[in-house]
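J.: You'll find start.txt just under this line, and it carries compact mmCIF, C-alpha atoms.
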```
# COMPACT_ATOMS: atom_id res chain seq x y z
CA MET W 1 -12.43 -86.93 58.60
CA LEU W 2 -12.39 -84.69 55.55
CA SER W 3 -14.25 -81.38 55.56
CA GLY W 4 -16.88 -80.70 52.91
CA GLN W 5 -14.47 -78.48 51.01
CA GLN W 6 -11.70 -81.09 51.08
CA GLN W 7 -14.16 -83.79 49.99
CA SER W 8 -15.31 -81.64 47.08
CA ALA W 9 -11.72 -80.90 46.03
CA ARG W 10 -10.78 -84.59 46.03
CA ARG W 11 -13.92 -85.47 44.12
CA GLY W 12 -12.93 -82.86 41.54
CA ARG W 13 -9.51 -84.47 41.12
CA HIS W 14 -11.10 -87.86 40.51
CA ALA W 15 -13.54 -86.26 38.05
CA THR W 16 -10.62 -84.69 36.13
CA VAL W 17 -8.94 -88.07 35.63
CA TYR W 18 -12.21 -89.54 34.35
CA PHE W 19 -12.60 -86.54 32.02
CA PHE W 20 -9.27 -87.07 30.28
CA TYR W 21 -9.37 -90.88 30.35
CA TYR W 22 -12.68 -90.97 28.50
CA ALA W 23 -11.59 -88.09 26.27
CA THR W 24 -8.99 -90.58 25.00
CA LEU W 25 -11.78 -93.03 24.24
CA GLY W 26 -13.63 -90.18 22.52
CA ALA W 27 -10.69 -90.03 20.13
CA LEU W 28 -10.17 -93.78 19.76
CA LEU W 29 -13.66 -95.24 19.47
CA PRO W 30 -15.27 -93.05 16.79
CA TYR W 31 -12.16 -92.14 14.83
CA TRP W 32 -9.41 -94.73 15.23
CA SER W 33 -10.96 -97.11 12.70
CA LEU W 34 -11.19 -94.19 10.27
CA TYR W 35 -7.48 -93.47 10.82
CA LEU W 36 -6.66 -97.13 10.10
CA LYS W 37 -8.83 -96.96 6.99
CA HIS W 38 -6.89 -93.79 6.00
CA LEU W 39 -3.73 -95.93 6.17
CA ASP W 40 -5.38 -98.37 3.70
CA PHE W 41 -5.92 -101.28 6.10
CA ASN W 42 -8.84 -103.53 5.09
CA ALA W 43 -11.87 -104.47 7.23
CA ARG W 44 -10.29 -107.65 8.57
CA GLN W 45 -7.08 -105.84 9.51
CA ILE W 46 -9.03 -103.01 11.16
CA GLY W 47 -10.96 -105.56 13.20
CA GLU W 48 -7.72 -107.27 14.27
CA LEU W 49 -5.93 -104.02 15.11
CA SER W 50 -8.90 -102.82 17.15
CA ALA W 51 -9.12 -106.20 18.86
CA VAL W 52 -5.45 -106.30 19.92
CA LEU W 53 -5.78 -102.89 21.54
CA LEU W 54 -8.70 -104.23 23.53
CA ALA W 55 -7.33 -107.75 24.03
CA THR W 56 -4.56 -106.44 26.26
CA LYS W 57 -7.31 -105.78 28.79
CA ILE W 58 -7.69 -109.53 29.20
CA ILE W 59 -4.41 -109.90 31.11
CA ALA W 60 -3.06 -106.39 31.76
CA PRO W 61 -5.52 -105.33 34.51
CA THR W 62 -4.87 -108.51 36.52
CA ILE W 63 -1.09 -108.13 36.22
CA TRP W 64 -1.21 -104.48 37.25
CA ALA W 65 -3.64 -105.25 40.10
CA TYR W 66 -1.15 -107.79 41.47
CA ILE W 67 1.73 -105.31 41.14
CA ALA W 68 -0.30 -102.54 42.82
CA ASP W 69 -1.41 -104.81 45.67
CA HIS W 70 2.15 -106.07 46.19
CA ALA W 71 3.61 -102.55 46.15
CA GLY W 72 0.81 -101.13 48.31
CA GLN W 73 0.83 -97.94 46.22
CA ARG W 74 -1.98 -98.22 43.70
CA MET W 75 -1.85 -94.72 42.21
CA ARG W 76 1.95 -94.59 42.00
CA VAL W 77 2.08 -97.83 40.01
CA THR W 78 -0.76 -96.59 37.79
CA ARG W 79 1.08 -93.34 37.03
CA TYR W 80 4.20 -95.25 35.94
CA ALA W 81 2.12 -97.46 33.67
CA VAL W 82 0.30 -94.54 32.03
CA PHE W 83 3.58 -92.71 31.41
CA ALA W 84 5.03 -95.81 29.76
CA GLY W 85 1.88 -96.07 27.64
CA ILE W 86 2.39 -92.52 26.38
CA CYS W 87 5.95 -93.32 25.32
CA VAL W 88 4.85 -96.46 23.45
CA PHE W 89 1.91 -94.76 21.70
CA ALA W 90 4.29 -92.11 20.32
CA LEU W 91 5.74 -94.90 18.16
CA VAL W 92 2.45 -94.98 16.21
CA LEU W 93 3.29 -91.71 14.43
CA PRO W 94 5.58 -93.10 11.69
CA VAL W 95 4.00 -96.57 11.43
CA ARG W 96 2.35 -97.67 8.17
CA GLU W 97 2.91 -101.47 8.17
CA TYR W 98 0.32 -103.86 9.65
CA TRP W 99 2.58 -105.99 11.88
CA THR W 100 4.43 -103.00 13.30
CA MET W 101 1.13 -101.29 14.10
CA LEU W 102 -0.08 -104.50 15.76
CA LEU W 103 2.96 -104.65 18.05
CA VAL W 104 2.83 -100.96 18.96
CA LEU W 105 -0.87 -101.09 19.81
CA ALA W 106 -0.36 -104.24 21.89
CA GLY W 107 2.41 -102.52 23.88
CA PHE W 108 0.39 -99.35 24.35
CA GLY W 109 -2.69 -101.29 25.44
CA PHE W 110 -0.74 -103.29 28.03
CA PHE W 111 0.35 -100.12 29.85
CA TRP W 112 -2.71 -97.93 29.26
CA ASN W 113 -5.15 -100.59 30.42
CA ALA W 114 -3.54 -100.50 33.86
CA ALA W 115 -5.25 -97.21 34.60
CA LEU W 116 -9.00 -97.65 34.82
CA PRO W 117 -9.53 -100.71 37.08
CA GLN W 118 -7.09 -99.38 39.69
CA PHE W 119 -8.60 -95.92 39.49
CA GLU W 120 -12.14 -97.32 39.79
CA ALA W 121 -11.10 -99.11 42.99
CA THR W 122 -9.52 -95.91 44.32
CA THR W 123 -12.69 -93.96 43.54
CA MET W 124 -15.00 -96.50 45.20
CA ASN W 125 -12.78 -96.47 48.30
CA PHE W 126 -12.86 -92.68 48.34
CA LEU W 127 -16.68 -92.66 48.08
CA GLY W 128 -17.04 -95.33 50.77
CA LYS W 129 -20.64 -95.62 51.95
CA ASP W 130 -21.68 -93.09 49.31
CA ARG W 131 -20.84 -95.52 46.46
CA TYR W 132 -24.21 -94.81 44.78
CA GLN W 133 -22.78 -91.32 44.12
CA TYR W 134 -20.31 -92.97 41.74
CA GLY W 135 -22.34 -91.81 38.74
CA ARG W 136 -21.94 -88.15 39.67
CA VAL W 137 -18.15 -88.48 39.57
CA ARG W 138 -18.06 -90.82 36.58
CA LEU W 139 -20.28 -88.53 34.47
CA TRP W 140 -17.26 -86.27 33.97
CA GLY W 141 -15.74 -89.09 31.97
CA SER W 142 -18.76 -88.97 29.68
CA ILE W 143 -18.40 -85.19 29.41
CA GLY W 144 -14.73 -85.68 28.47
CA PHE W 145 -15.75 -88.21 25.81
CA LEU W 146 -18.33 -85.75 24.46
CA VAL W 147 -15.92 -82.82 24.31
CA SER W 148 -13.29 -84.98 22.60
CA VAL W 149 -15.71 -86.24 19.96
CA LEU W 150 -16.98 -82.70 19.33
CA VAL W 151 -13.55 -81.11 18.98
CA LEU W 152 -12.04 -83.94 16.95
CA ALA W 153 -15.03 -83.96 14.59
CA LEU W 154 -13.68 -80.63 13.37
CA VAL W 155 -10.06 -81.82 13.34
CA VAL W 156 -10.54 -85.04 11.35
CA ARG W 157 -12.63 -83.62 8.52
CA ASP W 158 -11.26 -84.29 5.06
CA GLU W 159 -7.54 -85.09 5.42
CA GLY W 160 -7.36 -83.97 9.06
CA ILE W 161 -7.62 -87.59 10.19
CA ARG W 162 -3.81 -87.80 9.92
CA PHE W 163 -3.55 -85.56 13.01
CA LEU W 164 -5.50 -88.00 15.20
CA PRO W 165 -2.43 -89.69 16.82
CA TRP W 166 -1.06 -86.29 17.85
CA SER W 167 -4.38 -85.40 19.44
CA ILE W 168 -4.42 -88.68 21.37
CA LEU W 169 -0.88 -88.05 22.67
CA VAL W 170 -1.95 -84.68 24.07
CA ILE W 171 -4.93 -86.20 25.88
CA LEU W 172 -2.85 -89.09 27.27
CA SER W 173 -0.41 -86.56 28.71
CA CYS W 174 -3.31 -84.80 30.43
CA ILE W 175 -4.39 -88.09 32.05
CA TRP W 176 -0.93 -88.55 33.54
CA LEU W 177 -0.74 -84.96 34.81
CA SER W 178 -4.19 -85.16 36.42
CA MET W 179 -3.26 -88.44 38.14
CA LEU W 180 -0.39 -86.70 39.93
CA ARG W 181 -2.97 -84.91 42.11
CA VAL W 182 -4.97 -88.00 43.14
CA GLN W 183 -4.19 -89.60 46.50
CA ASP W 184 -4.36 -93.30 47.28
CA THR W 185 -7.35 -94.32 49.41
CA PRO W 186 -7.08 -97.53 51.45
CA SER W 187 -9.76 -100.20 51.17
CA ILE W 188 -12.47 -99.80 53.81
CA GLY W 189 -14.35 -103.06 53.21
CA HIS W 190 -13.55 -106.29 54.99
CA ALA W 191 -13.77 -109.72 53.41
CA THR W 192 -15.22 -112.49 55.57
CA ARG W 193 -12.72 -114.68 57.36
CA ASN W 194 -12.90 -117.56 54.89
CA ALA W 195 -13.39 -115.47 51.76
CA SER W 196 -10.96 -116.02 48.91
CA PHE W 197 -10.73 -114.48 45.49
CA LEU W 198 -11.28 -117.75 43.59
CA GLY W 199 -14.04 -118.80 45.97
CA THR W 200 -15.84 -115.53 45.38
CA CYS W 201 -15.45 -115.87 41.61
CA TRP W 202 -17.16 -119.29 41.65
CA GLN W 203 -20.33 -118.04 43.33
CA ALA W 204 -23.32 -118.27 40.96
CA PRO W 205 -24.33 -114.57 41.14
CA VAL W 206 -20.74 -113.52 40.42
CA ILE W 207 -20.49 -115.90 37.45
CA ALA W 208 -23.81 -114.58 36.13
CA LEU W 209 -22.62 -110.97 36.45
CA LEU W 210 -19.26 -111.60 34.78
CA LEU W 211 -20.81 -113.62 31.96
CA ALA W 212 -23.37 -110.88 31.40
CA ALA W 213 -20.60 -108.26 31.32
CA PHE W 214 -18.63 -110.37 28.84
CA LEU W 215 -21.59 -110.85 26.48
CA ILE W 216 -22.84 -107.27 26.67
CA GLN W 217 -19.43 -105.84 25.88
CA MET W 218 -18.90 -108.45 23.16
CA SER W 219 -22.13 -107.20 21.60
CA HIS W 220 -20.59 -103.69 21.56
CA GLY W 221 -17.65 -104.90 19.43
CA ALA W 222 -19.33 -104.07 16.12
CA TYR W 223 -20.42 -100.69 17.48
CA TYR W 224 -16.99 -99.59 18.67
CA THR W 225 -15.15 -100.91 15.62
CA PHE W 226 -17.48 -100.43 12.64
CA PHE W 227 -20.28 -98.02 13.59
CA SER W 228 -18.53 -95.00 12.02
CA ILE W 229 -17.66 -96.94 8.85
CA TYR W 230 -21.23 -98.34 8.68
CA LEU W 231 -22.76 -94.87 8.83
CA GLU W 232 -20.36 -93.44 6.27
CA ASP W 233 -21.29 -96.30 3.90
CA LEU W 234 -24.96 -95.34 4.40
CA GLY W 235 -24.19 -91.79 3.29
CA TYR W 236 -23.88 -89.99 6.62
CA SER W 237 -21.21 -87.27 6.69
CA ARG W 238 -18.23 -87.52 9.04
CA THR W 239 -19.65 -84.57 11.01
CA ALA W 240 -23.00 -86.36 11.35
CA VAL W 241 -21.22 -89.50 12.52
CA GLY W 242 -19.48 -87.52 15.26
CA GLN W 243 -22.78 -85.93 16.27
CA LEU W 244 -24.46 -89.34 16.55
CA TRP W 245 -21.64 -90.56 18.80
CA MET W 246 -22.11 -87.42 20.89
CA LEU W 247 -25.84 -88.01 21.23
CA GLY W 248 -25.17 -91.39 22.79
CA VAL W 249 -22.81 -89.82 25.30
CA VAL W 250 -25.27 -87.02 26.15
CA ALA W 251 -27.81 -89.72 27.00
CA GLU W 252 -25.14 -91.48 29.07
CA ILE W 253 -24.44 -88.25 31.01
CA GLY W 254 -28.15 -87.85 31.76
CA LEU W 255 -28.23 -91.41 33.07
CA PHE W 256 -25.21 -90.87 35.33
CA LEU W 257 -26.84 -87.76 36.78
CA MET W 258 -29.85 -89.74 38.00
CA VAL W 259 -28.52 -93.29 38.38
CA TYR W 260 -27.92 -92.94 42.12
CA ARG W 261 -31.68 -92.47 42.57
CA LEU W 262 -32.42 -95.48 40.36
CA LEU W 263 -29.91 -97.62 42.26
CA SER W 264 -31.39 -96.58 45.59
CA LYS W 265 -34.93 -97.30 44.44
CA PHE W 266 -34.62 -100.43 42.29
CA GLY W 267 -31.25 -101.93 43.23
CA ALA W 268 -28.29 -102.75 40.99
CA GLY W 269 -29.57 -106.21 39.97
CA ARG W 270 -32.84 -104.98 38.47
CA LEU W 271 -31.13 -102.12 36.66
CA LEU W 272 -28.64 -104.57 35.18
CA GLY W 273 -31.46 -106.72 33.76
CA MET W 274 -33.24 -103.69 32.30
CA ALA W 275 -29.99 -102.51 30.70
CA MET W 276 -29.49 -105.85 28.94
CA LEU W 277 -33.04 -105.84 27.55
CA LEU W 278 -32.62 -102.32 26.17
CA THR W 279 -29.22 -103.24 24.73
CA ALA W 280 -30.79 -106.01 22.63
CA LEU W 281 -33.42 -103.54 21.40
CA ARG W 282 -30.72 -101.01 20.48
CA TRP W 283 -28.78 -103.43 18.27
CA CYS W 284 -32.00 -104.52 16.52
CA LEU W 285 -32.81 -100.91 15.67
CA ILE W 286 -29.31 -100.27 14.30
CA ALA W 287 -29.40 -103.51 12.30
CA LEU W 288 -32.74 -102.84 10.63
CA TYR W 289 -33.27 -99.07 10.58
CA ALA W 290 -29.87 -97.34 10.54
CA ASP W 291 -30.86 -95.49 7.36
CA ASN W 292 -33.87 -94.01 9.18
CA LEU W 293 -32.54 -91.01 11.10
CA PRO W 294 -35.31 -90.74 13.76
CA VAL W 295 -34.94 -94.45 14.63
CA LEU W 296 -31.15 -94.14 14.66
CA LEU W 297 -31.46 -91.21 17.07
CA LEU W 298 -33.57 -93.39 19.36
CA ALA W 299 -30.98 -96.17 19.15
CA GLN W 300 -28.24 -93.75 20.17
CA LEU W 301 -30.29 -92.54 23.13
CA LEU W 302 -30.36 -96.16 24.31
CA HIS W 303 -26.60 -95.88 24.87
CA ALA W 304 -27.68 -94.58 28.28
CA ALA W 305 -28.82 -98.12 29.06
CA SER W 306 -26.42 -100.31 27.05
CA TYR W 307 -23.36 -98.63 28.55
CA GLY W 308 -24.25 -96.16 31.32
CA MET W 309 -26.88 -98.09 33.27
CA PHE W 310 -25.13 -101.42 32.83
CA HIS W 311 -21.71 -100.13 33.91
CA ALA W 312 -22.96 -98.18 36.94
CA ALA W 313 -24.93 -101.18 38.21
CA ALA W 314 -22.10 -103.62 37.51
CA ILE W 315 -19.49 -101.50 39.32
CA CYS W 316 -21.68 -101.34 42.43
CA MET W 317 -22.20 -105.11 42.34
CA ILE W 318 -18.48 -105.82 41.87
CA ASP W 319 -17.73 -103.52 44.81
CA GLU W 320 -20.21 -105.52 46.89
CA TYR W 321 -19.06 -109.00 45.79
CA PHE W 322 -15.32 -108.25 46.18
CA PRO W 323 -14.85 -106.32 49.45
CA GLY W 324 -11.71 -105.15 51.18
CA PRO W 325 -8.51 -106.90 49.99
CA LEU W 326 -10.41 -108.55 47.11
CA GLN W 327 -11.57 -105.24 45.63
CA SER W 328 -8.64 -104.37 43.37
CA ARG W 329 -8.55 -107.84 41.79
CA GLY W 330 -12.34 -107.84 41.47
CA MET W 331 -12.30 -104.58 39.52
CA ALA W 332 -9.44 -105.91 37.37
CA LEU W 333 -11.33 -109.14 36.66
CA TYR W 334 -14.45 -107.22 35.65
CA SER W 335 -12.40 -105.03 33.30
CA SER W 336 -10.56 -108.04 31.82
CA VAL W 337 -13.68 -110.10 31.19
CA SER W 338 -15.85 -107.28 29.85
CA PHE W 339 -13.81 -104.51 28.25
CA GLY W 340 -10.93 -106.86 27.46
CA LEU W 341 -12.10 -110.30 26.39
CA GLY W 342 -15.65 -109.21 25.53
CA ILE W 343 -14.95 -106.25 23.27
CA SER W 344 -11.85 -107.78 21.68
CA LEU W 345 -13.75 -110.94 20.67
CA GLY W 346 -16.64 -108.77 19.54
CA SER W 347 -14.29 -106.76 17.33
CA LEU W 348 -12.80 -109.93 15.86
CA VAL W 349 -16.19 -111.54 15.20
CA SER W 350 -17.54 -108.37 13.57
CA GLY W 351 -14.41 -108.03 11.44
CA TYR W 352 -14.56 -111.64 10.22
CA THR W 353 -18.33 -111.62 9.54
CA TRP W 354 -18.78 -108.10 8.18
CA SER W 355 -18.27 -109.07 4.54
CA ALA W 356 -20.09 -112.41 4.86
CA VAL W 357 -23.37 -111.37 6.53
CA GLY W 358 -23.32 -107.59 6.11
CA ALA W 359 -23.79 -104.86 8.69
CA SER W 360 -27.38 -105.81 9.51
CA GLY W 361 -26.40 -109.42 10.16
CA VAL W 362 -23.55 -108.37 12.46
CA TYR W 363 -25.81 -106.15 14.57
CA LEU W 364 -28.53 -108.81 14.76
CA LEU W 365 -25.85 -111.17 16.05
CA ALA W 366 -25.01 -108.53 18.67
CA ALA W 367 -28.69 -108.39 19.67
CA GLY W 368 -28.62 -112.17 20.13
CA MET W 369 -25.61 -111.86 22.44
CA ALA W 370 -27.39 -109.27 24.59
CA THR W 371 -30.51 -111.44 24.77
CA PHE W 372 -28.52 -114.48 25.86
CA ALA W 373 -26.75 -112.32 28.47
CA LEU W 374 -30.12 -111.43 30.00
CA LEU W 375 -31.47 -115.00 29.94
CA GLN W 376 -28.43 -116.56 31.63
CA TYR W 377 -28.38 -113.74 34.20
CA LEU W 378 -32.02 -114.31 35.11
CA TRP W 379 -31.54 -118.08 35.36
CA LEU W 380 -28.10 -118.45 36.93
CA GLY W 381 -28.16 -115.29 39.00
CA GLU W 382 -31.59 -115.91 40.51
CA ARG W 383 -30.73 -119.55 41.31
CA GLY W 384 -27.59 -118.42 43.08
CA ARG W 385 -29.37 -115.75 45.08
CA ALA W 386 -32.13 -118.19 46.09
CA ARG W 387 -29.51 -120.72 47.26
CA HIS W 388 -27.75 -117.96 49.20
CA GLU W 389 -30.99 -117.03 50.94
CA ARG W 390 -31.71 -120.67 51.92
CA HIS W 391 -28.29 -121.05 53.54
CA ARG W 392 -28.22 -117.65 55.24
CA PRO W 393 -28.13 -118.02 59.05
CA ALA W 394 -31.28 -116.95 60.84
CA GLY W 395 -31.17 -113.36 62.02
CA SER W 396 -28.32 -112.38 59.70
```
So that I can check it, write out the structure of this file as structure tokens.
T.:
Amino acid sequence: MLSGQQQSARRGRHATVYFFYYATLGALLPYWSLYLKHLDFNARQIGELSAVLLATKIIAPTIWAYIADHAGQRMRVTRYAVFAGICVFALVLPVREYWTMLLVLAGFGFFWNAALPQFEATTMNFLGKDRYQYGRVRLWGSIGFLVSVLVLALVVRDEGIRFLPWSILVILSCIWLSMLRVQDTPSIGHATRNASFLGTCWQAPVIALLLAAFLIQMSHGAYYTFFSIYLEDLGYSRTAVGQLWMLGVVAEIGLFLMVYRLLSKFGAGRLLGMAMLLTALRWCLIALYADNLPVLLLAQLLHAASYGMFHAAAICMIDEYFPGPLQSRGMALYSSVSFGLGISLGSLVSGYTWSAVGASGVYLLAAGMATFALLQYLWLGERGRARHERHRPAGS
């Protein structure tokens, strides 16, 4: 049994990893497309290059989950993968050709995407029965994202965008160093005797959750890939673009600070539905009123729901649906379906349709994806839960 001081110290180590991991995203999401534009890649190529970085999440988390489970040393395997990712990303520095960049980003993504699902599983095991406190640890990732966006907004001004890969290499090195201090935590949940991974995946509530995660993250594809370019085309300065990204993350931090109370009061399922509804509203506002600063500010505040509320609720549900020995693969599947397949397809779709239907059309399409995510979740998820209740043994 850990003392309060030991518990706090271990929580701080987990928080540090989240800080630097999401600081990397704070460099990649707002600014990477601008770096690719600086290298004279066109919109279609930017969409494809962004998609391949994300597409590695479709298979990489599952492969690394299998390796980690087989080795029985989740954090050790993750550290090796992150170190390899650093070495591969260093190859970006001299690259100017499209196909070479595509291959380097694919290699980097394969190793780097090993980190988060395994670390999420380690964190949930560490929290144990206090899993609703996840948001208080995870919020440090949002703070890392915010600090990264703020600092790099100063670095990438004018021609400073060429220093972005160097900045990312520094942050990646900090992730690896912080992981050296995190201990493995064994799974504390127990799957039922007849539970299997595939059997769990085919349950209606699980299908509804995974499909919702896929569609919601697919709807974010245009945001992660083209939001900065969209705002620059509307006349916003690069500093203003960075500040708008930061506003969304500030809202996300506020959500993570209070989400444990919301989860305790309303439950993860209801919060997930509310997050999808607000996500659809957010994309509509960006599609129709991005040139209106007060409305755009409101849309960015809704990042608290479209990302923060959705992710916190989904992680708790995945932890519940995939207990014990199924946990690592459950987290990997969630990451593959949502942040891998979802965002990569969203980036591709936005890249291919950007010139044809314009920015407003792309974001209205994203709103349609979020709306469909909510409708299928309400229909399929509720039917599955009702069937589960009918077949539950009396007194259980």
J.: Would you please work out which residue, of W:Phe227, W:Tyr98, W:Tyr236, W:Phe322, is nearest to Asn42 (chain W) when using all atoms listed in the file?
T.: W:Tyr98
J.: Could you give me, as an MDAnalysis selection string, the residues within 10 Å of Leu209 (chain W), counting only C-alpha atoms and dropping anything in the same chain fewer than 6 positions from it?
T.: chainID W and resid 269 272 314 317:318 334 373:374 376:377 380:381
J.: What lies within 7 Å of Ala60 (chain W) using only C-alpha atoms, ignoring chain neighbours under 4 positions off, as a list in words?
T.: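 Counting only the stated atoms, we get Thr56, Trp64, Phe110, Asn113 and Ala114 of chain W.
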J.: Quick check, in Å to one decimal: how far apart do CA of Tyr230 (chain W) and CA of Ala213 (chain W) lie?
T.: 24.7 Å
J.: Quote the spacing between CA of Leu25 (chain W) and CA of Trp112 (chain W) in Å to one decimal place.
T.: 11.5 Å
J.: Please identify all polymer residues lying at most 10 Å from the point (-16.9, -98.8, 22.3) (file coordinates), using only C-alpha atoms, and present the result as an MDAnalysis selection string.
T.: chainID W and resid 25:26 28:30 54 217:227 307 339 343 347
J.: W:His311, W:Arg282, W:Arg74, W:Arg162: which is nearest Ala212 (chain W), counting all atoms listed in the file?
T.: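 Closest candidate: W:His311.
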J.: Rounded to one decimal place, report the CA of Ile315 (chain W)-CA of Leu298 (chain W) distance in Å.
T.: 25.7 Å
J.: I want to know what sits within 12 Å of Leu180 (chain W), based on all atoms listed in the file, with residues of the same chain fewer than 2 positions away left out; could you give that as a list in words?
T.: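 Non-adjacent residues within range: Arg13, His14, Thr16, Val17, Met75, Arg76, Val77, Thr78, Arg79, Tyr80, Val82, Phe83, Ser173, Cys174, Ile175, Trp176, Leu177, Ser178, Val182, Gln183 and Asp184 of chain W.
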J.: Output the selection as a PDB file, in the coordinates of the input - C-alpha atoms for each residue.
T.:
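Contents of the output file part39.pdb:
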```pdb
ATOM      1  CA  ARG W  13      -9.510 -84.470  41.120  1.00  0.00           C
ATOM      2  CA  HIS W  14     -11.100 -87.860  40.510  1.00  0.00           C
ATOM      3  CA  THR W  16     -10.620 -84.690  36.130  1.00  0.00           C
ATOM      4  CA  VAL W  17      -8.940 -88.070  35.630  1.00  0.00           C
ATOM      5  CA  MET W  75      -1.850 -94.720  42.210  1.00  0.00           C
ATOM      6  CA  ARG W  76       1.950 -94.590  42.000  1.00  0.00           C
ATOM      7  CA  VAL W  77       2.080 -97.830  40.010  1.00  0.00           C
ATOM      8  CA  THR W  78      -0.760 -96.590  37.790  1.00  0.00           C
ATOM      9  CA  ARG W  79       1.080 -93.340  37.030  1.00  0.00           C
ATOM     10  CA  TYR W  80       4.200 -95.250  35.940  1.00  0.00           C
ATOM     11  CA  VAL W  82       0.300 -94.540  32.030  1.00  0.00           C
ATOM     12  CA  PHE W  83       3.580 -92.710  31.410  1.00  0.00           C
ATOM     13  CA  SER W 173      -0.410 -86.560  28.710  1.00  0.00           C
ATOM     14  CA  CYS W 174      -3.310 -84.800  30.430  1.00  0.00           C
ATOM     15  CA  ILE W 175      -4.390 -88.090  32.050  1.00  0.00           C
ATOM     16  CA  TRP W 176      -0.930 -88.550  33.540  1.00  0.00           C
ATOM     17  CA  LEU W 177      -0.740 -84.960  34.810  1.00  0.00           C
ATOM     18  CA  SER W 178      -4.190 -85.160  36.420  1.00  0.00           C
ATOM     19  CA  VAL W 182      -4.970 -88.000  43.140  1.00  0.00           C
ATOM     20  CA  GLN W 183      -4.190 -89.600  46.500  1.00  0.00           C
ATOM     21  CA  ASP W 184      -4.360 -93.300  47.280  1.00  0.00           C
TER      22      ASP W 184
END
```
J.: Counting all atoms listed in the file, figure out which residue out of W:Gly242, W:Gly254, W:Gly330, W:Gly267 gets nearest to Val149 (chain W).
T.: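 Selected residue with least distance to Val149 (chain W): W:Gly242.
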J.: Measuring between only C-alpha atoms, which one of W:Tyr363, W:Leu345, W:Tyr321, W:Cys316 shows the shortest distance to Lys129 (chain W)?
T.: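 Of W:Tyr363, W:Leu345, W:Tyr321, W:Cys316, the one nearest Lys129 (chain W), counting only C-alpha atoms, is W:Cys316.
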J.: Taking all atoms listed in the file into account, which of W:Leu36, W:Met124, W:Ile171, W:Ile63 comes nearest Leu152 (chain W)?
T.: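 So, comparing all the options, the nearest one is W:Ile171.
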J.: Which one of W:Ser33, W:Ser148, W:Thr279, W:Ser328 sits closest to Val249 (chain W) if you count all atoms listed in the file?
T.: W:Ser148
J.: Would you compute an axis-aligned box for region 356-375 of chain W, covering every atom listed for it in the file with 6 Å of margin on each side, and report centre and edge lengths in Å to one decimal as JSON?
T.:
```
{"center_x": -25.8, "center_y": -109.9, "center_z": 17.4, "size_x": 23.4, "size_y": 22.1, "size_z": 37.1}
```
